[in-house]
Amino acid sequence: MSDAVAIAIGPLSQIPVGEGRNMVVGDRTLAVFHLHGGAVYATQPTCPHRGGPLADGLTGSHTVMCPLHDRVFDLRTGVGPDCSIAVVPVRVQDGIMLVELATA
Amino acid sequence: MDGSVAQTLEDGMMMARQRLVVVGNGMAGARAVEEVLARGGADLFDIVMFGDEPYGNYNRIMLSNVLSGVQDTDGIYINPLDWYADNGITLHSGARVTHIDRAARVVTAENGVQERYDVLLIATGSRSFIPPLDNVRDETGELRDGVFGFRTLDDCTAMMARARTSQTAVVLGGGLLGLEAARGLMTHGPSVHVVHLAQHLMNAQLDVEGGAILRAAMEAMGVTIHTGASTACIELDESGAVAGVRFKDGTVLPCQMVVVAAGIRPNVEVAQRAGLTVERAIVVDNHMRCPDDRNVFVVGECAQHRGQVYGLVAPLWDQAKVFADQVTQRNTGSAYHGSKLATKLKVMGVELASMGLTEPQHPHDEVIRFSETRSGTYKKLIVRDGRLVGGILMGDISKAAYLMQAFDRDSPLPEERLSLLFDLGTPPQKVTLDEMPADAQVCNCNGVTKGAIGACVAAGKKTTKSVMDATRAGMGCGSCKALVGEVVEWFCGGTVEEDLSVHYYVPGIPMTKPELVAAVRAQDLRSVSSVFAALAGGVVDAGSKPALASLLITVWADDYVDERDARFINDRVHANIQKDGTFSVVPEMPGGVTTPADLIRIAEVALKYNVPLVKLTGGQRIDLVGVSKEDLPRMWADLGMPSGHAYGKSYRTCKSCIGTEFCRFGLGDSMGFAAKIERRFRGVDSPAKLKLATAGCPRNCSEAMVKDIGAVAIGNDRWEIYVGGAAGAHIRKGDLLCTVDGEDAAMLITSRFMQYYRENAKWKERTYTFVPRIGLERIRAIVVDDSDGIAAELDAAMERSIAAAYDPWKEATAPKTANQFAEILVPAS
Ligand code: SRM
Ligand SMILES: Cc1cc2nc3c(=O)[nH]c(=O)nc-3n(C[C@H](O)[C@H](O)[C@H](O)COP(=O)(O)OP(=O)(O)OC[C@H]3O[C@@H](n4cnc5c(N)ncnc54)[C@H](O)[C@@H]3O)c2cc1C
Ligand code: SF4
Ligand code: FES
C-alpha cells in the first residue's frame, strides 16, 4: 500500500484566477490550476499529444484546453478525448496549497 | 424453429435478456453492434465488448490520413467511449480475450475478466504479417525498437515519433498500405524508400503499365522505389539499433526505421483453441455463423466465407447487417453472398481507383484502354459479356463512382464504350435525384444508400448533420458530403431544417453575434466570467473564452474588465507560442521600414539572449524565434520598441512598397501611408487577423489586392480601397470598395470598414469570408454611402478602441498578473 504525504507548495495567490502555472513539487513538476470559484487542480505538466505546456492552456469549469492543438482534459479525472493526463489531488489550507503525493 | 439461438431468444423474451458478447472492438465488431442496436437489439441483449486496443472504436482506414497529417487523431473516432455508456454497452478496453469455453459459454480475457454469453461474435480482425527476417524481433520476441507494423493507432503514433528523428525510413511492401505509409512518413521528415518484392507496385490491383505510372508518380513525390527487391535481414549497429536493410544480393540500404507492410494475417488463434473450424480464417456460413457452433458468429477480416477472406471494409458492412438481421431475427432470410472488391489509393496527389481483374482472362474479354503517360493518366477496363469485370483508373478518376457501381452490381454497360472512359462532348449526364434508384449507394465508405437516407428523414431527422450522425453517410473519406446534403434536401422536399447552432457566436450560448452584443449591452456584462454566469448557466467553456473577450473589447473598449485567463496564451504573454512551448518576438516595423540603429539593437538583443533563429517574416519585419517565456520581458525592455502584435486576433501589419519616395513609377506615398496606418491601428482587437497593405501604384508590389484591406495609389492623390482579399489558406482577390481622394479619406474608409467588420464578423471569420457573406453592395452602402446612418457611430467606436489600445510590451516592467512570465515556480523551502 502507498501513503500520501501533503507537500506545501506555497500561497494560492501565486497563481492568477483562471490560470495555471508550472510548479516544482518535490522532485517533479506539476501544472497547477486556480479556477474561478476557488477550485485548485494539479496535473502532469505536458500534454500527451505533442508535449504542449498545459499550464499555458485555457481553463473551463473543470477543464483545461491545451494551447497547441486544443485537446480538452477533465481536471478532476484527467480524461481527455483520445489520451489522458495524470492528476494529483491538491487542497488549500489557510491560503497555502498542499499537494498530496503518494509515497512508496 | 430451426436453430437454438432462435429458440433461446424466444425463451429469453419471457425471462431475462440474452447476453451478446463481442470479441474485438474494431470496425466490424462495432459496426455489427450498431446494426444490432438499429434493430432494437438494446431490448433483446445485454451487450459486452472486449477490445485489445485501449480506445473506443476508430476508423482504421483514416490512419493513413493521420500519418500524413491530413487528419488529427481526434477526428477518426467512430464511437468514443461515451457511446458505449450511452447505449448501455459494457466495454472492456485494453482486454485481450485469450480463452473461449464453448461448453460453459464463457470468455476469459488476459486481465482475468470473465463474461458469460448466449451469443458470441468474434470480430478480431487481422494483424500485420511480419516475415521472419533476422533481427526483425528482439530477444523477447516483440518487434524490435525501430521496426513497425502499420495497423493500429498506436503503430501510427509510434511511427510518427520515430520518423521525426530518422533520416531514412524503409517501407517493406509496395502495396496499398505500404504506399500510404510511405507518403505519410515523408511528411515527418525522413527520406523514404519502398522495397517491393514483385516487379511492379500494387501488383494485386494494377497491371504492369499502371504500376509503372504509379511508380513515376511516387518518385516525383520524392519516394525512392526498389522493385524486384528481396530483403534478407535488418542490419543493426553496435548498440543494437536498427541501422539498415540488407537485400539478398548483399547490398545494404542504411536507415533508422523499418515499416513492414507485407500483408495481413487474420487473428484466429482464440477461435482455433476453442475448436472452431479455421482454414485461412474462421469458417462461416451465409448467416456469418460458425458451422460448428450455432451460438458463435464471425464478421470482418477474421471470417472466411466461401473460401474468401477480405481485407477491406466494404464486405464487413454487409456481413454486419446479415449478422444483425439473424441475431435479432428481424430478417431470418437475410444472407451474405460475398463481395466484389474495389479500392482507391489514399495518397495525396495520386488519383487511383481499381476494381476486379487487372488482365483479361478469357479470349472474349474486351479491353478498353487509354494511356497518356506524360500526364499520368491511364484507364483500362475489362468487359465480359457487356459487364465490367475489372478496371484501373489513374490520374483522372472522375468516372470511378459510376464504374465502381456498375462493377459492384454487374449492371449492363452502354454500347458506346468510349463514354465509359470520358464524358464525351455532350453535357455530363448527371443522374437526377428523382431518377436515382433507392438502392444506389450515396456513401461508398459506409455503404449508405439513397433509400437509407430516406428512411432516416422519414424517421424525423431533418438536418444534414443529424442524418449524417445517424447513418454515418459522409463520415468516411468525406467526398460524398455534398451529395448527402442534396439527397437529404430532396427527401425533405425543401423543408430541410438548418442546424441553428452553426449560427451561434460560441457553442454554449444560443445567440448570434448581434443578439449576444445586445444582451451584453442590456445586461451590462463587462467580463467574460459575468457572461458565462448570466448567459451560459455558469458553465465555462474554455474554447469560448477568447471569443467572448474579443467581443467585449469591441463593445466596451477600455471599460472592459480584462480577465487575463480569458485570453489565449499569446495574448497573456504578448508573443506567439510555438511547437516546443517557446515564443517569438516581432517588434513593430511599419511597412517594413527600419533604420540601421534599430537593426543594430535587434541584432544585439538576438546575440544577448542567444536567440536560435532570426527570420524575415512574410509580413515585412523581423522575427526572433525560439525565446523562453522568462526572457520575453527582458528582451522587450532591451529592444525598446513597441510590439508588432504578431500573435493575436487583432490588427497585424501594413505592408508597403517604396512608392513615390524612390520608385520611378510611384503615384502615392505608400510607405508613409503604411506607417500612419500602423501607428493608428496597432493593438486594436478584431474577430480575426487584419492584415493590410498599401501600394504606390497598380503594379501592386506589396500585394495590396490580396489583403484584408489594401490601398492602391492611382495618381492625383487618389487611392483605390480593396477589401476581403486573401493569399493565405484561401486565395481571393480583394473587391474594390471605392476610390477616394487623399490619404485622410482613405484612412477614414479603412477605419470605418474595420469597425463594421469588428462588430459583425463571427469569431475567427476573416474578411475573405465576411465580405462575400455580407455582400460588397451592402458593405459599400453602409461604409461609403452611410445608408443606415451609422457611419458616425462606427467612426466614434473606432476612436474609442484606438484610444483604449496600448502597447502590451509595457508589461515588461509592470506585469499584469502574478508570475506572468514565469516558466516554473519553485516553492520557498
Ligand atoms: C512568421 C510568419 C511566417 C514567416 O516566417 O514569414 C507566420 C507564421 C505563422 N502564421 Fe502566418 N505567418 C506569417 C505571414 C503570413 C502571411 C503573409 C502576410 O502576412 O502577408 C499569410 C497570408 C496572408 C493572410 O493572413 O491571409 C499568413 C497566413 C496564415 C494563416 C492562414 C490564414 C487564412 O485564414 O488564410 C494562418 C492560420 C490561421 O490564421 O489560422 C497563419 C498562422 C501562422 C502561425 C501564427 C501559426 C500559429 O498559429 O502558431 C505561424 C506562427 C509560427 C511561429 O511559431 O511563430 N498564417 N501568414 C509570418 C509573420 C508575418 C508577420 O510579420 O506578422
Ligand atoms: C492504414 C490502413 C488503411 C486502410 N485503408 C483502407 C481503405 O482505404 N479501404 C478499405 O476498405 N480498407 C482499408 N483498410 C482495411 C480496414 O481497416 C480493415 O478491413 C478493417 O479495419 C477490418 O475490420 P475488422 O473489424 O475485421 O478488424 P479490425 O478493425 O482490425 O478490428 C479488430 C479488433 O479486434 C481486436 N482484437 C483482436 N484480437 C482480440 C482478442 N483476442 N481480444 C480482444 N480484442 C481483440 C483488435 O485489437 C482490433 O481492435 C486499411 C487498413 C489500414 C491498417
Ligand atoms: S505557412 Fe505559416 S503556419 Fe504554416 S508552417 Fe509556415 S509559418 Fe507555420
Ligand atoms: S500538444 Fe496538446 S493538443 Fe497537441
# chains A, B, ... in the order shown; residues from 1 in each chain; ligands from 1
$ interface_residues --of "chain A" --to "chain B" --cutoff "7 Å" --atoms "only C-alpha atoms" --output "PyMOL selection string"
chain A and resi 9-10+14-16+18-19+21-24+52-53+56-61+64-65+68+81-82
$ residues_near_ligand --ligand "ligand 2" --cutoff "6 Å" --atoms "only C-alpha atoms and all ligand atoms" --output "MDAnalysis selection string"
chainID B and resid 23:29 50:53 60:61 63:64 95:98 123:126 150:151 177 267 300:302 311:314
$ write_last_selection --atoms "N, CA and C atoms" --output "short mmCIF file (atom, residue, chain, number, x, y, z; two decimals), in the first residue's frame"
data_model
loop_
_atom_site.label_atom_id
_atom_site.label_comp_id
_atom_site.auth_asym_id
_atom_site.auth_seq_id
_atom_site.Cartn_x
_atom_site.Cartn_y
_atom_site.Cartn_z
N VAL B 23 -16.06 -10.19 -29.23
CA VAL B 23 -14.62 -10.19 -29.04
C VAL B 23 -14.00 -9.42 -30.20
N GLY B 24 -13.43 -8.27 -29.91
CA GLY B 24 -12.85 -7.42 -30.97
C GLY B 24 -13.69 -6.18 -31.13
N ASN B 25 -13.07 -5.03 -30.86
CA ASN B 25 -13.79 -3.77 -30.88
C ASN B 25 -13.28 -2.93 -32.04
N GLY B 26 -13.13 -3.56 -33.19
CA GLY B 26 -12.63 -2.84 -34.37
C GLY B 26 -13.79 -2.40 -35.25
N MET B 27 -13.51 -2.26 -36.53
CA MET B 27 -14.51 -1.70 -37.42
C MET B 27 -15.69 -2.65 -37.58
N ALA B 28 -15.42 -3.95 -37.68
CA ALA B 28 -16.51 -4.90 -37.90
C ALA B 28 -17.31 -5.12 -36.62
N GLY B 29 -16.62 -5.32 -35.50
CA GLY B 29 -17.30 -5.60 -34.24
C GLY B 29 -18.24 -4.46 -33.87
N PHE B 50 -15.22 -6.78 -25.85
CA PHE B 50 -13.81 -6.83 -25.47
C PHE B 50 -12.99 -6.23 -26.60
N GLY B 51 -12.08 -5.35 -26.29
CA GLY B 51 -11.18 -4.81 -27.30
C GLY B 51 -9.76 -4.81 -26.78
N ASP B 52 -8.88 -5.28 -27.62
CA ASP B 52 -7.48 -5.35 -27.27
C ASP B 52 -6.88 -3.94 -27.16
N GLU B 53 -7.38 -3.03 -27.98
CA GLU B 53 -6.81 -1.68 -28.00
C GLU B 53 -7.47 -0.84 -26.90
N ARG B 60 -10.16 2.82 -38.81
CA ARG B 60 -8.79 2.38 -39.10
C ARG B 60 -8.31 2.90 -40.45
N ILE B 61 -9.23 3.00 -41.40
CA ILE B 61 -8.87 3.48 -42.74
C ILE B 61 -8.16 4.82 -42.66
N LEU B 63 -6.17 5.98 -40.58
CA LEU B 63 -4.81 6.04 -40.04
C LEU B 63 -3.85 6.57 -41.09
N SER B 64 -4.12 6.27 -42.35
CA SER B 64 -3.24 6.78 -43.42
C SER B 64 -3.26 8.29 -43.41
N ALA B 95 -8.40 -5.14 -23.17
CA ALA B 95 -8.54 -6.50 -22.62
C ALA B 95 -8.55 -7.52 -23.76
N ARG B 96 -7.49 -8.28 -23.86
CA ARG B 96 -7.37 -9.29 -24.93
C ARG B 96 -7.99 -10.59 -24.47
N VAL B 97 -8.90 -11.11 -25.25
CA VAL B 97 -9.53 -12.38 -24.90
C VAL B 97 -8.57 -13.52 -25.24
N THR B 98 -8.34 -14.40 -24.27
CA THR B 98 -7.39 -15.48 -24.51
C THR B 98 -8.07 -16.84 -24.59
N ALA B 123 -14.85 -10.90 -33.79
CA ALA B 123 -14.50 -9.88 -34.79
C ALA B 123 -13.10 -9.39 -34.47
N THR B 124 -12.17 -10.32 -34.50
CA THR B 124 -10.82 -10.00 -34.05
C THR B 124 -9.94 -9.43 -35.16
N GLY B 125 -10.47 -9.33 -36.40
CA GLY B 125 -9.71 -8.66 -37.46
C GLY B 125 -8.41 -9.34 -37.80
N SER B 126 -7.46 -8.55 -38.24
CA SER B 126 -6.15 -9.08 -38.63
C SER B 126 -5.05 -8.32 -37.93
N PHE B 150 1.86 -1.56 -39.49
CA PHE B 150 1.01 -0.39 -39.70
C PHE B 150 -0.43 -0.87 -39.65
N ARG B 151 -0.97 -0.92 -38.42
CA ARG B 151 -2.30 -1.47 -38.27
C ARG B 151 -3.13 -0.67 -37.28
N LEU B 177 -1.15 -0.41 -48.65
CA LEU B 177 -0.79 0.05 -47.31
C LEU B 177 0.64 0.59 -47.28
N ASN B 267 -6.57 -12.77 -37.15
CA ASN B 267 -6.39 -13.19 -35.76
C ASN B 267 -7.35 -14.33 -35.45
N GLY B 300 -15.97 -9.73 -40.34
CA GLY B 300 -14.77 -8.92 -40.56
C GLY B 300 -13.63 -9.73 -41.16
N GLU B 301 -12.44 -9.21 -40.99
CA GLU B 301 -11.28 -9.80 -41.66
C GLU B 301 -10.89 -11.17 -41.12
N CYS B 302 -11.44 -11.55 -39.94
CA CYS B 302 -11.08 -12.86 -39.41
C CYS B 302 -12.06 -13.93 -39.90
N GLY B 311 -9.92 -8.08 -47.03
CA GLY B 311 -9.03 -7.15 -46.34
C GLY B 311 -9.47 -5.71 -46.51
N LEU B 312 -10.74 -5.51 -46.80
CA LEU B 312 -11.26 -4.15 -47.00
C LEU B 312 -12.56 -4.01 -46.19
N VAL B 313 -13.02 -2.77 -46.03
CA VAL B 313 -14.18 -2.58 -45.17
C VAL B 313 -15.53 -2.87 -45.83
N ALA B 314 -15.65 -2.67 -47.13
CA ALA B 314 -16.97 -2.82 -47.74
C ALA B 314 -17.63 -4.16 -47.40
#
$ residues_near_ligand --ligand "ligand 3" --cutoff "9 Å" --atoms "only C-alpha atoms and all ligand atoms" --output "ChimeraX atom specification"
/B:617-618,728-729
$ residues_near_ligand --ligand "ligand 4" --cutoff "6 Å" --atoms "only C-alpha atoms and all ligand atoms" --output "PyMOL selection string"
chain A and resi 47+49-52+66+68-71
$ residues_around --residues "stretch 357-362 of chain B" --least-positions-apart "6" --cutoff "8 Å" --atoms "only C-alpha atoms" --output "list in words"
Ala204, Gln205, Leu206, Asp207, Ile382, Val389, Gly390, Gly391 and Ile392 of chain B
$ write_last_selection --atoms "N, CA, C and O atoms" --output "PDB file, in the first residue's frame"
ATOM      1  N   ALA B 204      -1.279  -6.481 -56.953  1.00  0.00           N
ATOM      2  CA  ALA B 204      -2.583  -7.138 -56.824  1.00  0.00           C
ATOM      3  C   ALA B 204      -3.679  -6.324 -57.503  1.00  0.00           C
ATOM      4  O   ALA B 204      -4.686  -6.867 -57.937  1.00  0.00           O
ATOM      5  N   GLN B 205      -3.498  -5.003 -57.606  1.00  0.00           N
ATOM      6  CA  GLN B 205      -4.559  -4.164 -58.154  1.00  0.00           C
ATOM      7  C   GLN B 205      -4.218  -3.539 -59.504  1.00  0.00           C
ATOM      8  O   GLN B 205      -5.098  -2.979 -60.146  1.00  0.00           O
ATOM      9  N   LEU B 206      -2.942  -3.580 -59.910  1.00  0.00           N
ATOM     10  CA  LEU B 206      -2.554  -2.890 -61.135  1.00  0.00           C
ATOM     11  C   LEU B 206      -1.852  -3.827 -62.098  1.00  0.00           C
ATOM     12  O   LEU B 206      -1.230  -4.803 -61.687  1.00  0.00           O
ATOM     13  N   ASP B 207      -1.938  -3.489 -63.397  1.00  0.00           N
ATOM     14  CA  ASP B 207      -1.132  -4.214 -64.381  1.00  0.00           C
ATOM     15  C   ASP B 207       0.243  -3.544 -64.463  1.00  0.00           C
ATOM     16  O   ASP B 207       0.511  -2.568 -63.754  1.00  0.00           O
ATOM     17  N   ILE B 382     -11.929  -3.914 -68.264  1.00  0.00           N
ATOM     18  CA  ILE B 382     -12.082  -5.256 -68.833  1.00  0.00           C
ATOM     19  C   ILE B 382     -13.570  -5.600 -68.790  1.00  0.00           C
ATOM     20  O   ILE B 382     -14.191  -5.531 -67.711  1.00  0.00           O
ATOM     21  N   VAL B 389     -15.770  -6.358 -65.477  1.00  0.00           N
ATOM     22  CA  VAL B 389     -15.180  -7.316 -64.543  1.00  0.00           C
ATOM     23  C   VAL B 389     -13.842  -6.845 -63.993  1.00  0.00           C
ATOM     24  O   VAL B 389     -13.258  -7.489 -63.127  1.00  0.00           O
ATOM     25  N   GLY B 390     -13.350  -5.717 -64.523  1.00  0.00           N
ATOM     26  CA  GLY B 390     -12.090  -5.200 -63.985  1.00  0.00           C
ATOM     27  C   GLY B 390     -11.870  -3.787 -64.450  1.00  0.00           C
ATOM     28  O   GLY B 390     -12.392  -3.379 -65.494  1.00  0.00           O
ATOM     29  N   GLY B 391     -11.126  -3.014 -63.665  1.00  0.00           N
ATOM     30  CA  GLY B 391     -10.863  -1.644 -64.086  1.00  0.00           C
ATOM     31  C   GLY B 391      -9.721  -1.017 -63.312  1.00  0.00           C
ATOM     32  O   GLY B 391      -9.514  -1.311 -62.145  1.00  0.00           O
ATOM     33  N   ILE B 392      -8.967  -0.172 -64.021  1.00  0.00           N
ATOM     34  CA  ILE B 392      -7.904   0.610 -63.386  1.00  0.00           C
ATOM     35  C   ILE B 392      -8.093   2.043 -63.864  1.00  0.00           C
ATOM     36  O   ILE B 392      -8.219   2.278 -65.067  1.00  0.00           O
TER      37      ILE B 392
END
$ residues_around --residues "A:Ile96" --least-positions-apart "2" --cutoff "9 Å" --atoms "only C-alpha atoms" --output "ChimeraX atom specification"
/A:8-13,91-94,98
$ select_by_dssp --residues "chain A" --states "strand (DSSP E)" --output "PyMOL selection string"
chain A and resi 3-11+19-25+28-34+40-43+58-59+63-65+72-74+87-88+90-93+96-103
$ residues_near_ligand --ligand "ligand 1" --cutoff "9 Å" --atoms "only C-alpha atoms and all ligand atoms" --output "JSON, numbers by chain"
{"A": [68], "B": [575, 576, 577, 578, 579, 582, 583, 584, 585, 586, 587, 588, 589, 615, 616, 617, 618, 619, 620, 621, 622, 623, 624, 625, 626, 644, 645, 646, 647, 648, 649, 652, 653, 654, 655, 688, 689, 690, 691, 692, 693, 702, 703, 706, 707, 708, 725, 726, 727, 728, 729, 730, 731, 764, 765, 766, 767, 768]}
$ atom_distance --atom1 "atom CA of B:Ala32" --atom2 "atom CA of B:Ile47"
11.4 Å
$ select_by_dssp --residues "stretch 109-358 of chain B" --states "alpha helix (DSSP H)" --output "ChimeraX atom specification"
/B:153-164,176-186,208-220,269-273,313-327
$ atom_distance --atom1 "atom CA of B:Asp134" --atom2 "atom CA of B:Val258"
13.1 Å
$ closest_residue --among "B:Ser751, B:Ser339, B:Asn59, B:Ser371" --to "B:Gln308" --atoms "only C-alpha atoms"
B:Ser339
$ residues_around --residues "B:Thr739" --least-positions-apart "6" --cutoff "10 Å" --atoms "only C-alpha atoms" --output "VMD selection string"
chain B and resid 711 to 714 718 to 722 745 to 746 749
$ write_last_selection --atoms "C-alpha atoms" --output "tab-separated table (two decimals), in the first residue's frame"
chain	number	residue	atom	x	y	z
B	711	ALA	CA	-4.94	50.84	-50.57
B	712	VAL	CA	-3.56	51.28	-54.07
B	713	ALA	CA	-2.43	54.71	-55.32
B	714	ILE	CA	-3.63	55.54	-58.82
B	718	ARG	CA	-6.38	59.16	-55.40
B	719	TRP	CA	-6.48	55.75	-53.68
B	720	GLU	CA	-8.41	52.61	-54.51
B	721	ILE	CA	-9.56	50.68	-51.43
B	722	TYR	CA	-9.78	46.90	-51.77
B	745	ALA	CA	-10.36	59.88	-46.87
B	746	ALA	CA	-8.59	56.54	-47.44
B	749	ILE	CA	-12.93	54.39	-45.09
$ residues_around --residues "B:Ala534" --least-positions-apart "2" --cutoff "12 Å" --atoms "only C-alpha atoms" --output "PyMOL selection string"
chain B and resi 508-509+516+519-520+522-532+536-540
$ residues_around --residues "B:Cys701" --least-positions-apart "5" --cutoff "9 Å" --atoms "only C-alpha atoms" --output "list in words"
Ser656, Cys657, Ile658, Ala695 and Gly696 of chain B
$ atom_distance --atom1 "atom CA of B:Ile553" --atom2 "atom CA of B:Val517"
11.1 Å
